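**Student:** Could you have a look at this structure, given as structure tokens, before my questions?
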Amino acid sequence: MRQSSSKQGRLTRRRFLTICAAAVPGLSLSTIAAQALGTARLHRWRGIALGAGAEINLVHHDAAQAQDLFAGIETEIRRLEAIFSLYRPESELVRLNAHGRLPAPSPELLDLLSLCRSMQAATGGAFDPTVQPLWDHYARRAAGAPAEDFEAARQACGFRHVSVQPEEISFTRPGMAMTLNGIAQGFVTDRITDFMAAHGCRDMVVDIGEIAARGAAPGETLGGDTGWPVTLCPDPNHPDGRTDIRLDRAAVASSARQGTTFDQAGTRSHILDPVTGLPVDSGLAGASVLAQSAAVADGLSTAALVCGEHRLASALDRFSAARAFVVRDDGSCGWIES
């Protein structure tokens, strides 16, 4: 599972998804000119969401309306951060971790934890948001600070020990804590995409840590295909492991074993196996997952490097139209279809 903590912000972090044309590993769009498309033009918003850079590209006929939409999006992002963020001290997640219980949780948190339960079942336990005690253990050791005993941290994990009820979410074991950083960015991406669609937007690409796209980029054609052109490159250490696709009414998320590491040498991955408590070593260096939902893509890409190739294939079967482009440790790459 991918993790993050406000107390450990100095850890190496590499961003793998971007919607700007740039020499950045992960996912990149082809260069997009801000040119006229009939009366519509490309409008771009950039900001911060869940502690990371975010960007939206929107084809819209009215600049003033586009800016009003972007203002509404910023408000919605802040509202969702107040639920899921590990960086905001009064967020619902932070309060749950601090007190072990959260009365009257928001519908959004209940929805996301329900998806987490489905994701855990689909991945055979490889996806588990309760690995935060393990992440804190490794992060403190990396920083030279006193760390909780490894076995105590491992025993504090287990999503089955989280009680999720409409009236209250609670931990049934002491020392537990959750992170939603392996799925919340996708969830927020979906919510913002739906928000824009409800306001009549048809051609857009939304990057809130993970990417969802609808319609097409202005002036982009490829053999009559529609959609936003993207390049998948899940692992920067294997730049030859890439492929070009078109993204429309779909989402994509990427994870790399060395995307964030606990050591300066970059050898100890931030993605942890919730069963063993150890950094992953499944034979996969990186994975990009495509799905109809950004939250599903996010969760599956998080679990992919824990699952390994064969278990990932089984997990993809549980979600409609899900597939993954993987890069193996030996540099070879290929698609895994559901």
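In the structure tokens, the first chain shown is A, the next is B, and so on; residue numbers restart at 1 for each chain, and ligands run from 1 in the order shown.
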Just the strand (DSSP E) stuff from stretch 83-232 of chain A, please, per backbone DSSP, written as a list of chain:residue names.
**Tutor:**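 Restricting stretch 83-232 of chain A to strand (DSSP E) produces A:Arg101, A:Leu102, A:Pro103, A:Val162, A:Ser163, A:Val164, A:Gln165, A:Glu168, A:Ile169, A:Ser170, A:Phe171, A:Asp203, A:Met204, A:Val205, A:Val206, A:Asp207, A:Ile211, A:Ala212, A:Ala213, A:Arg214, A:Trp228, A:Pro229, A:Val230, A:Thr231, A:Leu232.
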**Student:** From a backbone DSSP assignment, name each residue in stretch 101-250 of chain A labelled alpha helix (DSSP H), as a ChimeraX atom specification.
**Tutor:** /A:107-122,132-142,150-155,184-198
**Student:** Name the residues in contact with stretch 276-283 of chain A at a cut-off of 6 Å, using only C-alpha atoms, excluding same-chain residues fewer than 5 positions from it; report them as a list in words.
**Tutor:**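 In the requested form, the answer reads Arg154, Ser269, Ile271, Val306, Gly308, Arg328 and Asp329 of chain A.
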**Student:** Those selected residues, please, written with N, CA and C atoms and delivered as a PDB file, in the first residue's frame.
**Tutor:**
ATOM      1  N   ARG A 154       2.932  -4.333  12.944  1.00  0.00           N
ATOM      2  CA  ARG A 154       2.289  -5.277  12.020  1.00  0.00           C
ATOM      3  C   ARG A 154       0.990  -5.803  12.607  1.00  0.00           C
ATOM      4  N   SER A 269      11.040   0.389  -0.877  1.00  0.00           N
ATOM      5  CA  SER A 269       9.819   0.974  -1.406  1.00  0.00           C
ATOM      6  C   SER A 269       8.868   1.388  -0.296  1.00  0.00           C
ATOM      7  N   ILE A 271       5.728   1.131  -0.776  1.00  0.00           N
ATOM      8  CA  ILE A 271       4.581   0.246  -0.926  1.00  0.00           C
ATOM      9  C   ILE A 271       4.839  -1.000  -0.089  1.00  0.00           C
ATOM     10  N   VAL A 306       1.927  -5.349  -4.799  1.00  0.00           N
ATOM     11  CA  VAL A 306       1.848  -6.333  -3.722  1.00  0.00           C
ATOM     12  C   VAL A 306       1.405  -7.675  -4.301  1.00  0.00           C
ATOM     13  N   GLY A 308       1.571  -8.908  -7.416  1.00  0.00           N
ATOM     14  CA  GLY A 308       2.316  -9.581  -8.456  1.00  0.00           C
ATOM     15  C   GLY A 308       1.405  -9.838  -9.644  1.00  0.00           C
ATOM     16  N   ARG A 328       8.050  -5.246 -15.623  1.00  0.00           N
ATOM     17  CA  ARG A 328       8.625  -6.231 -14.719  1.00  0.00           C
ATOM     18  C   ARG A 328      10.039  -5.826 -14.313  1.00  0.00           C
ATOM     19  N   ASP A 329      10.559  -6.518 -13.304  1.00  0.00           N
ATOM     20  CA  ASP A 329      11.901  -6.195 -12.815  1.00  0.00           C
ATOM     21  C   ASP A 329      12.962  -6.346 -13.897  1.00  0.00           C
TER      22      ASP A 329
END
**Student:** Do you know which residues are at most 8 Å from A:Gly175 counting only C-alpha atoms, after dropping those on the same chain fewer than 2 positions away, and could you put them as a list of chain:residue names?
**Tutor:**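 That gives A:Pro133, A:Ala153, A:Ala156, A:Arg173, A:Ala177.
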**Student:** Could you please determine the separation between atom CA of A:Val230 and atom CA of A:Leu69 in Å, to one decimal place?
**Tutor:** 24.6 Å
**Student:** Rank nothing, just name the residue among A:Leu134, A:Ala121, A:Ala98, A:Leu180 nearest to A:Phe150, using only C-alpha atoms.
**Tutor:**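 That would be A:Leu134, the residue with the smallest distance to A:Phe150.
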**Student:** Which residues, written as number ranges by chain, have at least one atom at most 6 Å from A:Leu102, with only C-alpha atoms counted and residues fewer than 4 positions away on the same chain left out?
**Tutor:** A: 96, 168-169
**Student:** Those residues with N, CA and C atoms, as a PDB file, in the first residue's frame please?
**Tutor:**
ATOM      1  N   LEU A  96     -10.260  10.178  13.262  1.00  0.00           N
ATOM      2  CA  LEU A  96     -10.429   8.737  13.468  1.00  0.00           C
ATOM      3  C   LEU A  96      -9.129   8.110  13.954  1.00  0.00           C
ATOM      4  N   GLU A 168     -21.105   5.251  13.140  1.00  0.00           N
ATOM      5  CA  GLU A 168     -19.747   5.382  13.682  1.00  0.00           C
ATOM      6  C   GLU A 168     -18.784   4.435  12.966  1.00  0.00           C
ATOM      7  N   ILE A 169     -17.554   4.927  12.755  1.00  0.00           N
ATOM      8  CA  ILE A 169     -16.436   4.098  12.314  1.00  0.00           C
ATOM      9  C   ILE A 169     -15.497   3.953  13.501  1.00  0.00           C
TER      10      ILE A 169
END
**Student:** Residues within 6 Å of stretch 54-66 of chain A, please, as a VMD selection string. Count only C-alpha atoms; anything in the same chain fewer than 6 positions from it doesn't count.
**Tutor:** chain A and resid 39 to 48 203 to 208
**Student:** Would you list the contacts of A:Gln185 as a ChimeraX atom specification, taking every protein, DNA or RNA residue within 7 Å and counting only C-alpha atoms, but skipping same-chain residues closer than 3 positions in sequence?
**Tutor:** /A:181,188-189,208-210
